[in-house]
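Peer 1: Just coords38.txt, nothing more (compact mmCIF, C-alpha atoms (C1' of nucleotides)):
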```txt
# COMPACT_ATOMS: atom_id res chain seq x y z
CA MET A 1 74.75 184.57 -11.62
CA ALA A 2 73.30 187.57 -9.96
CA ARG A 3 74.04 191.19 -9.36
CA THR A 4 77.39 192.41 -10.72
CA ARG A 5 79.87 194.70 -9.01
CA GLU A 6 78.89 198.29 -9.58
CA PHE A 7 82.07 200.24 -8.92
CA ASP A 8 85.30 200.45 -10.87
CA LEU A 9 87.87 198.54 -8.88
CA ASP A 10 90.87 200.32 -10.39
CA ALA A 11 89.35 203.73 -9.72
CA ALA A 12 88.82 202.77 -6.09
CA VAL A 13 92.41 201.60 -5.71
CA ASN A 14 93.58 204.81 -7.31
CA ALA A 15 91.57 206.92 -4.89
CA ALA A 16 92.91 204.88 -2.00
CA MET A 17 96.43 205.40 -3.31
CA ASN A 18 96.10 209.17 -3.09
CA VAL A 19 94.94 208.91 0.50
CA PHE A 20 97.79 206.61 1.49
CA ARG A 21 100.29 208.86 -0.24
CA SER A 22 99.18 211.94 1.63
CA LYS A 23 98.47 210.42 5.05
CA GLY A 24 100.62 207.31 5.23
CA TYR A 25 99.44 203.83 6.11
CA GLU A 26 98.78 204.18 9.82
CA GLY A 27 97.51 207.71 9.39
CA THR A 28 94.78 206.57 7.02
CA SER A 29 91.59 205.22 8.56
CA MET A 30 88.99 203.04 6.95
CA ARG A 31 86.68 206.03 7.17
CA ASP A 32 89.13 208.03 5.05
CA LEU A 33 89.21 205.21 2.55
CA SER A 34 85.43 204.95 2.45
CA GLU A 35 85.07 208.64 1.76
CA ALA A 36 87.81 208.71 -0.87
CA THR A 37 86.54 205.69 -2.76
CA GLY A 38 82.87 206.42 -2.23
CA LEU A 39 82.38 202.86 -1.09
CA GLY A 40 80.94 201.46 2.10
CA SER A 41 83.33 199.60 4.31
CA GLY A 42 81.48 196.39 3.52
CA SER A 43 82.30 196.70 -0.16
CA ILE A 44 85.96 197.39 0.61
CA TYR A 45 86.28 194.33 2.78
CA ALA A 46 84.45 192.21 0.22
CA ALA A 47 86.84 193.31 -2.51
CA PHE A 48 90.18 193.49 -0.65
CA GLY A 49 89.74 191.55 2.58
CA SER A 50 91.35 194.10 4.84
CA LYS A 51 93.11 197.42 5.05
CA ASP A 52 96.38 195.61 4.40
CA GLY A 53 94.90 193.93 1.35
CA LEU A 54 93.87 197.27 -0.09
CA TYR A 55 97.32 198.66 0.65
CA LEU A 56 98.97 195.82 -1.23
CA ALA A 57 96.64 196.43 -4.16
CA VAL A 58 97.65 200.09 -4.04
CA LEU A 59 101.32 199.13 -4.14
CA ASP A 60 100.69 196.97 -7.19
CA LEU A 61 98.84 199.76 -8.94
CA TYR A 62 101.62 202.19 -8.11
CA ARG A 63 104.15 199.88 -9.65
CA GLN A 64 102.06 199.38 -12.76
CA ARG A 65 101.28 203.07 -13.09
CA TYR A 66 104.64 204.65 -12.31
CA ALA A 67 107.48 202.14 -12.15
CA ALA A 68 106.55 200.11 -15.21
CA PRO A 69 106.44 203.08 -17.63
CA MET A 70 109.81 204.15 -16.31
CA VAL A 71 111.23 200.72 -17.06
CA ASP A 72 109.66 200.80 -20.51
CA LEU A 73 111.30 204.14 -21.18
CA LEU A 74 114.67 202.80 -20.11
CA ARG A 75 114.24 199.86 -22.46
CA SER A 76 113.01 201.92 -25.38
CA GLY A 77 116.39 201.71 -27.09
CA ASN A 78 117.07 205.43 -27.15
CA ASP A 79 120.32 207.08 -26.16
CA ALA A 80 121.28 206.13 -22.60
CA ARG A 81 122.13 209.61 -21.39
CA ALA A 82 118.96 211.13 -22.81
CA VAL A 83 116.75 208.40 -21.41
CA VAL A 84 118.24 208.54 -17.91
CA ARG A 85 117.91 212.31 -17.90
CA GLU A 86 114.32 211.98 -18.99
CA VAL A 87 113.63 209.61 -16.12
CA PHE A 88 115.15 212.01 -13.62
CA ILE A 89 113.32 215.03 -14.97
CA GLY A 90 110.11 213.05 -14.95
CA ALA A 91 110.71 212.15 -11.32
CA VAL A 92 111.33 215.77 -10.36
CA ASP A 93 108.17 216.78 -12.18
CA ASP A 94 106.26 214.09 -10.34
CA ILE A 95 107.63 215.22 -6.98
CA THR A 96 106.92 218.90 -7.46
CA GLY A 97 104.00 218.45 -9.81
CA ASP A 98 100.81 219.06 -7.91
CA GLY A 99 100.41 221.03 -4.74
CA ARG A 100 98.69 218.17 -3.01
CA HIS A 101 101.91 216.95 -1.46
CA LEU A 102 101.63 213.40 -2.64
CA ALA A 103 104.62 211.64 -1.22
CA CYS A 104 106.21 208.76 -3.06
CA LEU A 105 104.44 205.60 -2.08
CA ILE A 106 107.61 203.56 -2.47
CA VAL A 107 109.63 205.71 -0.11
CA GLY A 108 106.77 206.00 2.36
CA ALA A 109 106.20 202.26 2.33
CA SER A 110 109.93 201.66 2.76
CA MET A 111 110.02 203.73 5.89
CA GLU A 112 106.71 202.84 7.45
CA ARG A 113 105.73 199.36 6.35
CA ALA A 114 108.72 197.45 5.02
CA HIS A 115 109.83 196.35 8.47
CA GLN A 116 106.32 195.40 9.58
CA ASP A 117 104.87 193.53 6.62
CA VAL A 118 107.03 191.10 4.70
CA ARG A 119 104.72 191.23 1.68
CA VAL A 120 105.28 194.96 1.43
CA ALA A 121 109.03 194.43 1.69
CA GLU A 122 108.91 191.89 -1.13
CA ARG A 123 107.04 194.23 -3.44
CA LEU A 124 109.44 197.07 -2.71
CA ARG A 125 112.48 194.94 -3.43
CA SER A 126 110.92 193.62 -6.59
CA THR A 127 109.96 197.06 -7.86
CA THR A 128 113.33 198.68 -7.18
CA GLN A 129 115.16 195.70 -8.62
CA SER A 130 113.24 195.81 -11.87
CA LEU A 131 114.15 199.47 -12.17
CA GLU A 132 117.76 198.77 -11.25
CA LEU A 133 117.94 195.95 -13.76
CA ALA A 134 116.58 198.07 -16.58
CA LEU A 135 119.16 200.71 -15.75
CA TYR A 136 121.89 198.09 -15.64
CA ASP A 137 121.04 196.71 -19.07
CA LEU A 138 120.91 200.18 -20.53
CA LEU A 139 124.19 201.30 -18.97
CA ALA A 140 126.10 198.09 -19.68
CA GLU A 141 125.18 198.42 -23.33
CA ALA A 142 126.17 202.08 -23.37
CA GLN A 143 129.50 201.23 -21.77
CA LEU A 144 130.21 198.67 -24.48
CA ARG A 145 129.53 201.33 -27.06
CA GLY A 146 131.80 203.76 -25.27
CA GLN A 147 128.98 206.23 -24.74
CA ILE A 148 129.41 206.56 -20.98
CA SER A 149 132.19 206.22 -18.46
CA THR A 150 133.54 202.79 -17.55
CA ASP A 151 135.18 203.96 -14.35
CA ARG A 152 132.40 202.29 -12.40
CA SER A 153 130.59 199.06 -13.12
CA ALA A 154 127.14 199.29 -14.65
CA THR A 155 125.83 197.57 -11.51
CA ASP A 156 127.13 200.29 -9.23
CA LEU A 157 125.99 203.06 -11.55
CA ALA A 158 122.48 201.62 -11.73
CA GLY A 159 122.26 201.24 -7.97
CA PHE A 160 123.57 204.72 -7.43
CA LEU A 161 121.05 206.24 -9.81
CA VAL A 162 118.15 204.50 -8.07
CA THR A 163 119.56 205.74 -4.76
CA SER A 164 119.62 209.28 -6.12
CA LEU A 165 116.02 208.99 -7.28
CA GLN A 166 114.94 207.94 -3.80
CA GLY A 167 116.96 210.78 -2.31
CA LEU A 168 115.25 213.28 -4.59
CA ARG A 169 111.87 212.10 -3.32
CA VAL A 170 112.93 212.68 0.27
CA MET A 171 114.41 216.09 -0.46
CA GLY A 172 111.27 217.01 -2.36
CA ALA A 173 109.17 216.15 0.67
CA ILE A 174 111.28 218.42 2.85
CA ASN A 175 111.51 221.26 0.38
CA PRO A 176 109.75 220.97 -2.98
CA ASP A 177 112.03 223.30 -4.90
CA ARG A 178 111.95 222.17 -8.50
CA ALA A 179 114.94 224.19 -9.65
CA ALA A 180 117.13 222.90 -6.83
CA LEU A 181 116.04 219.29 -7.31
CA THR A 182 116.77 219.58 -11.02
CA ARG A 183 120.29 220.78 -10.31
CA TYR A 184 120.87 217.94 -7.86
CA ALA A 185 119.67 215.52 -10.51
CA GLU A 186 122.09 217.03 -13.01
CA VAL A 187 124.95 216.46 -10.59
CA ALA A 188 123.89 212.83 -10.20
CA LEU A 189 123.95 212.41 -13.98
CA THR A 190 127.59 213.50 -14.14
CA CYS A 191 128.50 210.05 -12.80
CA LEU A 192 127.96 208.86 -16.38
CA ASP A 193 130.73 211.14 -17.69
CA MET B 1 110.71 223.54 45.19
CA ALA B 2 109.23 220.16 45.74
CA ARG B 3 109.66 216.62 44.67
CA THR B 4 112.32 216.19 42.02
CA ARG B 5 111.77 214.39 38.76
CA GLU B 6 112.71 210.77 39.19
CA PHE B 7 113.46 209.74 35.63
CA ASP B 8 116.16 210.85 33.26
CA LEU B 9 114.43 213.01 30.69
CA ASP B 10 117.03 212.43 28.01
CA ALA B 11 116.90 208.68 28.52
CA ALA B 12 113.13 208.76 28.13
CA VAL B 13 113.36 210.77 24.91
CA ASN B 14 115.98 208.35 23.65
CA ALA B 15 113.77 205.35 24.39
CA ALA B 16 110.87 207.08 22.66
CA MET B 17 113.10 207.78 19.67
CA ASN B 18 113.81 204.10 19.17
CA VAL B 19 110.11 203.33 19.21
CA PHE B 20 109.29 206.08 16.73
CA ARG B 21 112.10 204.96 14.48
CA SER B 22 110.90 201.39 14.32
CA LYS B 23 107.13 201.98 14.25
CA GLY B 24 106.68 205.45 12.83
CA TYR B 25 104.64 208.24 14.37
CA GLU B 26 101.11 207.02 13.80
CA GLY B 27 102.13 203.43 14.40
CA THR B 28 103.36 204.25 17.88
CA SER B 29 100.79 204.39 20.66
CA MET B 30 101.08 206.08 24.01
CA ARG B 31 101.10 202.60 25.49
CA ASP B 32 104.20 201.75 23.44
CA LEU B 33 105.82 204.92 24.68
CA SER B 34 104.89 204.17 28.28
CA GLU B 35 106.42 200.72 28.09
CA ALA B 36 109.57 201.89 26.33
CA THR B 37 110.21 204.77 28.69
CA GLY B 38 108.98 203.03 31.81
CA LEU B 39 106.80 206.04 32.59
CA GLY B 40 103.10 206.33 33.17
CA SER B 41 101.23 208.24 30.54
CA GLY B 42 100.55 210.96 33.10
CA SER B 43 104.26 211.60 33.52
CA ILE B 44 104.71 211.81 29.79
CA TYR B 45 101.95 214.36 29.43
CA ALA B 46 103.35 216.34 32.35
CA ALA B 47 106.78 216.44 30.77
CA PHE B 48 105.96 216.85 27.07
CA GLY B 49 102.35 217.97 26.89
CA SER B 50 101.29 215.56 24.19
CA LYS B 51 102.39 212.83 21.86
CA ASP B 52 103.35 215.53 19.37
CA GLY B 53 105.39 217.31 22.02
CA LEU B 54 107.34 214.16 22.73
CA TYR B 55 107.87 213.62 19.01
CA LEU B 56 109.29 217.10 18.62
CA ALA B 57 111.62 216.48 21.57
CA VAL B 58 112.70 213.28 19.85
CA LEU B 59 113.45 215.19 16.65
CA ASP B 60 115.56 217.65 18.61
CA LEU B 61 117.47 214.86 20.31
CA TYR B 62 118.03 213.16 16.97
CA ARG B 63 119.46 216.32 15.56
CA GLN B 64 121.73 216.84 18.55
CA ARG B 65 122.82 213.22 18.63
CA TYR B 66 123.35 212.51 14.94
CA ALA B 67 123.22 215.60 12.76
CA ALA B 68 125.29 217.89 14.97
CA PRO B 69 128.31 215.56 15.18
CA MET B 70 128.19 215.21 11.42
CA VAL B 71 128.29 218.97 11.05
CA ASP B 72 131.16 219.17 13.54
CA LEU B 73 133.09 216.63 11.53
CA LEU B 74 132.54 218.60 8.33
CA ARG B 75 133.82 221.73 10.05
CA SER B 76 136.81 220.03 11.66
CA GLY B 77 139.17 221.51 9.08
CA ASN B 78 140.40 218.21 7.71
CA ASP B 79 140.70 217.34 4.03
CA ALA B 80 137.37 217.78 2.26
CA ARG B 81 137.39 214.49 0.38
CA ALA B 82 138.35 212.49 3.45
CA VAL B 83 135.76 214.16 5.64
CA VAL B 84 132.91 213.72 3.18
CA ARG B 85 133.85 210.08 2.69
CA GLU B 86 133.90 209.62 6.44
CA VAL B 87 130.41 211.09 6.72
CA PHE B 88 129.10 208.74 4.04
CA ILE B 89 130.75 205.68 5.54
CA GLY B 90 129.40 206.65 8.93
CA ALA B 91 125.92 206.93 7.45
CA VAL B 92 126.16 203.50 5.83
CA ASP B 93 127.35 202.06 9.13
CA ASP B 94 124.46 203.67 10.90
CA ILE B 95 121.97 202.32 8.37
CA THR B 96 123.24 198.76 8.42
CA GLY B 97 124.61 198.84 11.96
CA ASP B 98 122.18 197.06 14.21
CA GLY B 99 119.68 194.44 13.26
CA ARG B 100 116.87 196.33 14.90
CA HIS B 101 115.84 198.01 11.70
CA LEU B 102 115.92 201.53 13.03
CA ALA B 103 114.87 203.72 10.18
CA CYS B 104 116.22 207.21 9.82
CA LEU B 105 114.01 209.51 11.83
CA ILE B 106 114.60 212.37 9.41
CA VAL B 107 113.46 210.42 6.38
CA GLY B 108 110.56 208.88 8.23
CA ALA B 109 109.42 212.25 9.53
CA SER B 110 109.78 213.73 6.04
CA MET B 111 107.44 211.17 4.59
CA GLU B 112 104.94 210.81 7.39
CA ARG B 113 104.80 214.06 9.33
CA ALA B 114 106.27 216.92 7.32
CA HIS B 115 103.01 217.57 5.49
CA GLN B 116 100.87 217.30 8.61
CA ASP B 117 102.78 219.26 11.22
CA VAL B 118 104.45 222.52 10.30
CA ARG B 119 106.74 222.38 13.35
CA VAL B 120 108.10 219.06 12.13
CA ALA B 121 108.63 220.52 8.68
CA GLU B 122 110.54 223.45 10.15
CA ARG B 123 112.87 221.20 12.12
CA LEU B 124 113.52 219.03 9.10
CA ARG B 125 114.36 222.00 6.92
CA SER B 126 116.57 223.46 9.60
CA THR B 127 118.45 220.20 10.17
CA THR B 128 119.07 219.47 6.52
CA GLN B 129 120.03 223.07 5.85
CA SER B 130 122.64 223.09 8.61
CA LEU B 131 124.12 219.95 7.09
CA GLU B 132 123.95 221.43 3.61
CA LEU B 133 125.56 224.64 4.78
CA ALA B 134 128.43 222.83 6.48
CA LEU B 135 128.99 220.89 3.27
CA TYR B 136 128.84 224.08 1.23
CA ASP B 137 131.46 225.85 3.35
CA LEU B 138 133.73 222.83 3.20
CA LEU B 139 133.37 222.37 -0.55
CA ALA B 140 133.62 226.05 -1.46
CA GLU B 141 136.88 226.26 0.43
CA ALA B 142 138.16 223.09 -1.22
CA GLN B 143 137.24 224.47 -4.63
CA LEU B 144 139.23 227.62 -3.94
CA ARG B 145 142.20 225.47 -3.07
CA GLY B 146 141.75 223.43 -6.21
CA GLN B 147 141.23 220.22 -4.27
CA ILE B 148 137.94 219.26 -5.87
CA SER B 149 136.18 219.85 -9.16
CA THR B 150 134.72 223.23 -9.98
CA ASP B 151 132.45 221.93 -12.72
CA ARG B 152 129.51 222.33 -10.39
CA SER B 153 128.85 225.03 -7.82
CA ALA B 154 129.49 224.18 -4.19
CA THR B 155 125.80 224.79 -3.57
CA ASP B 156 124.73 222.13 -6.03
CA LEU B 157 127.35 219.69 -4.84
CA ALA B 158 126.29 220.12 -1.23
CA GLY B 159 122.62 219.64 -2.07
CA PHE B 160 123.39 216.64 -4.18
CA LEU B 161 125.42 215.00 -1.42
CA VAL B 162 122.61 215.47 1.10
CA THR B 163 120.22 214.02 -1.47
CA SER B 164 122.47 211.00 -1.83
CA LEU B 165 122.59 210.51 1.93
CA GLN B 166 118.81 210.50 2.08
CA GLY B 167 118.68 208.07 -0.81
CA LEU B 168 121.06 205.72 0.95
CA ARG B 169 118.75 205.67 3.95
CA VAL B 170 115.82 204.68 1.77
CA MET B 171 117.78 202.02 -0.08
CA GLY B 172 119.03 200.68 3.23
CA ALA B 173 115.48 200.30 4.45
CA ILE B 174 114.57 198.30 1.35
CA ASN B 175 117.71 196.18 1.30
CA PRO B 176 120.34 196.68 4.02
CA ASP B 177 123.31 195.49 1.99
CA ARG B 178 126.33 197.28 3.38
CA ALA B 179 128.68 196.43 0.55
CA ALA B 180 126.25 197.67 -2.08
CA LEU B 181 125.44 200.86 -0.20
CA THR B 182 129.15 201.54 0.20
CA ARG B 183 129.68 201.23 -3.55
CA TYR B 184 126.76 203.56 -4.24
CA ALA B 185 128.27 206.05 -1.81
CA GLU B 186 131.60 205.80 -3.63
CA VAL B 187 129.88 206.63 -6.90
CA ALA B 188 128.27 209.66 -5.29
CA LEU B 189 131.68 210.86 -4.12
CA THR B 190 133.00 210.87 -7.68
CA CYS B 191 131.05 214.09 -8.22
CA LEU B 192 133.92 215.77 -6.40
CA ASP B 193 136.44 214.67 -9.04
C1' DG C 1 109.48 217.08 61.78
C1' DC C 2 106.07 219.15 59.20
C1' DG C 3 103.33 221.50 55.74
C1' DG C 4 103.26 222.37 51.04
C1' DT C 5 104.30 221.24 46.52
C1' DA C 6 105.57 219.02 42.47
C1' DC C 7 105.83 214.53 40.42
C1' DT C 8 104.04 209.78 39.75
C1' DT C 9 100.58 206.50 39.37
C1' DT C 10 96.18 204.70 38.34
C1' DG C 11 91.83 204.55 36.37
C1' DT C 12 88.89 206.22 33.01
C1' DC C 13 87.02 209.37 29.65
C1' DG C 14 84.84 210.03 24.81
C1' DA C 15 86.39 209.24 20.31
C1' DT C 16 87.93 206.53 16.86
C1' DC C 17 90.21 202.42 15.31
C1' DG C 18 89.67 198.08 11.98
C1' DT C 19 86.36 194.80 11.34
C1' DT C 20 81.97 192.32 10.94
C1' DC C 21 77.24 191.71 10.09
C1' DC C 22 72.77 192.70 8.42
C1' DA C 23 68.83 194.50 5.94
C1' DG C 24 67.66 196.48 1.66
C1' DA C 25 68.64 197.07 -3.23
C1' DT C 26 69.61 195.33 -7.75
C1' DA C 27 70.73 192.73 -11.87
C1' DG C 28 70.77 188.13 -14.27
C1' DC C 29 68.26 183.71 -15.10
C1' DG C 30 64.32 180.73 -15.88
C1' DC D 1 57.95 188.77 -14.12
C1' DG D 2 59.40 186.34 -9.87
C1' DC D 3 63.41 184.21 -7.78
C1' DT D 4 67.70 184.52 -5.94
C1' DA D 5 72.44 185.36 -5.66
C1' DT D 6 75.30 189.10 -5.05
C1' DC D 7 76.40 193.74 -3.96
C1' DT D 8 75.66 197.91 -1.22
C1' DG D 9 75.64 201.28 2.67
C1' DG D 10 75.39 201.82 7.26
C1' DA D 11 74.84 200.31 11.99
C1' DA D 12 77.30 198.17 15.62
C1' DC D 13 81.16 195.43 17.59
C1' DG D 14 85.13 195.09 21.01
C1' DA D 15 89.47 197.03 21.27
C1' DT D 16 92.42 200.67 21.55
C1' DC D 17 93.46 205.38 20.71
C1' DG D 18 95.27 210.06 22.91
C1' DA D 19 94.29 212.66 26.77
C1' DC D 20 93.17 213.85 31.44
C1' DA D 21 91.73 214.14 36.49
C1' DA D 22 92.23 212.56 41.04
C1' DA D 23 94.75 210.23 44.45
C1' DG D 24 99.11 208.78 46.33
C1' DT D 25 104.09 209.68 47.15
C1' DA D 26 108.48 211.66 47.96
C1' DC D 27 111.08 215.77 48.43
C1' DC D 28 112.23 220.67 49.76
C1' DG D 29 112.32 224.79 52.73
C1' DC D 30 111.36 226.09 57.13
```
Let's see the structure in the file written out as structure tokens.
Peer 2:
Amino acid sequence: MARTREFDLDAAVNAAMNVFRSKGYEGTSMRDLSEATGLGSGSIYAAFGSKDGLYLAVLDLYRQRYAAPMVDLLRSGNDARAVVREVFIGAVDDITGDGRHLACLIVGASMERAHQDVRVAERLRSTTQSLELALYDLLAEAQLRGQISTDRSATDLAGFLVTSLQGLRVMGAINPDRAALTRYAEVALTCLD
Amino acid sequence: MARTREFDLDAAVNAAMNVFRSKGYEGTSMRDLSEATGLGSGSIYAAFGSKDGLYLAVLDLYRQRYAAPMVDLLRSGNDARAVVREVFIGAVDDITGDGRHLACLIVGASMERAHQDVRVAERLRSTTQSLELALYDLLAEAQLRGQISTDRSATDLAGFLVTSLQGLRVMGAINPDRAALTRYAEVALTCLD
DNA sequence: GCGGTACTTTGTCGATCGTTCCAGATAGCG
DNA sequence: CGCTATCTGGAACGATCGACAAAGTACCGC
């Protein structure tokens, strides 16, 4: 063996993620990525192969960092209503959290890259489906226990809730008004009544 | 006066809109726009000043072509429930309509351009607010008449419905399943009950 | 019909794009 | 400690970016 890699790969992907979130895929140049990660372009290409490769790594990190904890929360076994509300409030916090205008990578990727890169599309479908499935399991169970409405199937409710989450991200990008977004989220939650 | 303009300005903006919708702002080059509109880049710069200028013209056309008719429908004086359902079904049709994967310009602009160009942000806010206001007027009236629920304010309901519409656009980009989107829309409409 | 004018076309500008390659630096092994 | 495999940062690549100037063209008022 010889010299080992000096930089923290995860930290680099994380830095790249912030750039992609604020500038989009096409709007981000390799120069931007070099500056954000502190790496030379040679190191980036050695580690990820290409700009696309780095973007895919960013998508994976995003899923692991944001989507996976949300799924874990939904599967924690707590009260369905409380857990779903917590997910929505967490999302609103995330949207309006910092002033750096970090758009949702999932929504951005859906609009900009899903139709161009099939690997991106696959990851998006997989990520949203895992979230939808966790919601479905939670809601189906709650319906059996009579804790939420059975007017709509758990499938439709889960899909609708994911749709609302995506909508909140878009609305937050247009107008990051936390109080308003919270009220919209509350209206969405009434579908469980 | 002198030589008249040879091309149809609206047709050119419309062609540019399709390109922007399928490739995004940064992903679209002046060459793409030249080919789509059939104009030389010189003509484009003479007519719109810059790529940004053309993009703003596209946003205005999009509003006039898609958002304005929606507002007109909401203000047509017909039954609130029926009109709102019609708007949602129309949106789902638009999302899943053609196979050309034309993303919603509003959502795409929100994610990619709103944080970079203040003029884009203004147009987005203005467009969504006109839609929200039309919904508010419709729903407030319907509440007075006892036709829909008064559990939530008309303001919140209107905002929530716009949020749902945006969410449907995102979900449609990830997975253009008309039947599923229609069911999600139906769930959203239950907030009026 | 003719001059003037506005529009169109073409070619090209410097800058920047994503990518590749190289020379120097560095850590592990014998 | 020397060797060498690997990593590093930066220079340089051709291609393409958005933008523009000059030349050609068609139309209007006279």
Peer 1: When you draw a straight line from atom CA of A:Val118 to atom C1' of C:DT19, how long is it in Å?
Peer 2: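 That distance, rounded to one decimal, is 22.0 Å.
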Peer 1: May I ask for the distance between atom CA of A:Arg145 and atom CA of A:Ala67, given in Å to one decimal place?
Peer 2: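 Computing it gives 26.6 Å between the two atoms.
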Peer 1: As a PDB file with C-alpha atoms (C1' of nucleotides), in the frame of the given file, could you give me every residue of chain D near chain B (at most 12 Å apart, counting all atoms listed in the file)?
Peer 2:
```pdb
ATOM      1  C1'  DT D  16      92.420 200.670  21.550  1.00  0.00           C
ATOM      2  C1'  DC D  17      93.460 205.380  20.710  1.00  0.00           C
ATOM      3  C1'  DG D  18      95.270 210.060  22.910  1.00  0.00           C
ATOM      4  C1'  DA D  19      94.290 212.660  26.770  1.00  0.00           C
ATOM      5  C1'  DC D  20      93.170 213.850  31.440  1.00  0.00           C
ATOM      6  C1'  DA D  21      91.730 214.140  36.490  1.00  0.00           C
ATOM      7  C1'  DA D  22      92.230 212.560  41.040  1.00  0.00           C
ATOM      8  C1'  DT D  25     104.090 209.680  47.150  1.00  0.00           C
ATOM      9  C1'  DA D  26     108.480 211.660  47.960  1.00  0.00           C
ATOM     10  C1'  DC D  27     111.080 215.770  48.430  1.00  0.00           C
ATOM     11  C1'  DC D  28     112.230 220.670  49.760  1.00  0.00           C
ATOM     12  C1'  DG D  29     112.320 224.790  52.730  1.00  0.00           C
TER      13       DG D  29
END
```
Peer 1: Show me which bits of chain C are within 12 Å of chain B, counting all atoms listed in the file, as a PyMOL selection string.
Peer 2: chain C and resi 3-11+17
Peer 1: Which residues are close to A:Thr155, i.e. within 12 Å by all atoms listed in the file, leaving aside same-chain residues fewer than 2 positions away? Reply as a list in words.
Peer 2: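 Using all atoms listed in the file, the neighbours found are Gln129, Leu131, Glu132, Leu133, Ala134, Leu135, Tyr136, Asp137, Leu138, Leu139, Ala140, Glu141, Gln143, Thr150, Asp151, Arg152, Ser153, Leu157, Ala158, Gly159, Phe160, Leu161 and Val162 of chain A; Ala180, Leu181, Arg183, Tyr184 and Val187 of chain B.
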Peer 1: Specify as a ChimeraX atom specification all residues of chain A found within 8 Å of chain B, counting only C-alpha atoms.
Peer 2: /A:22-24,26-27,101,103,107-108,110-112,114-115,121,124-125,152,156-157,159-160,163-168,170-171,173-175,180,183-185,187-188,190-191
Peer 1: Skip C:DC21 itself and residues of its chain fewer than 6 positions away, then list as number ranges by chain all residues within 10 Å of it, counting all atoms listed in the file.
Peer 2: A: 42; D: 11-13
Peer 1: Please identify all polymer residues within 8 Å of stretch 177-179 of chain B, counting all atoms listed in the file, omitting same-chain residues fewer than 6 positions from it, and present them as a list in words.
Peer 2: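 Once the adjacent positions are removed, what remains is Val92, Asp93 and Thr96 of chain B.
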Peer 1: Could you state the separation of atom CA of B:Gly97 and atom CA of B:Asn18 in Å, given to one decimal place?
Peer 2: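 Value for the atom CA of B:Gly97-atom CA of B:Asn18 distance: 14.0 Å.
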Peer 1: So which residues touch B:Leu9 within 12 Å, counting only C-alpha atoms (C1' of nucleotides), skipping near sequence neighbours fewer than 6 positions away, as a PyMOL selection string?
Peer 2: chain B and resi 15-16+37-39+43-44+46-48+54+57-58+61
Peer 1: B:Ala11, B:Ala36, B:Met17, B:Ile148: which is nearest B:Asp79, counting all atoms listed in the file?
Peer 2: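 The answer is B:Ile148, which sits nearest to B:Asp79.
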Peer 1: Return as AutoDock Vina command-line options the centre and edge lengths, in Å with one decimal, of the box along x, y and z that encloses every atom of stretch 3-22 of chain C in the file, padded by 4 Å per side.
Peer 2:
```
--center_x 89.3 --center_y 207.0 --center_z 32.1 --size_x 41.1 --size_y 38.7 --size_z 55.3
```
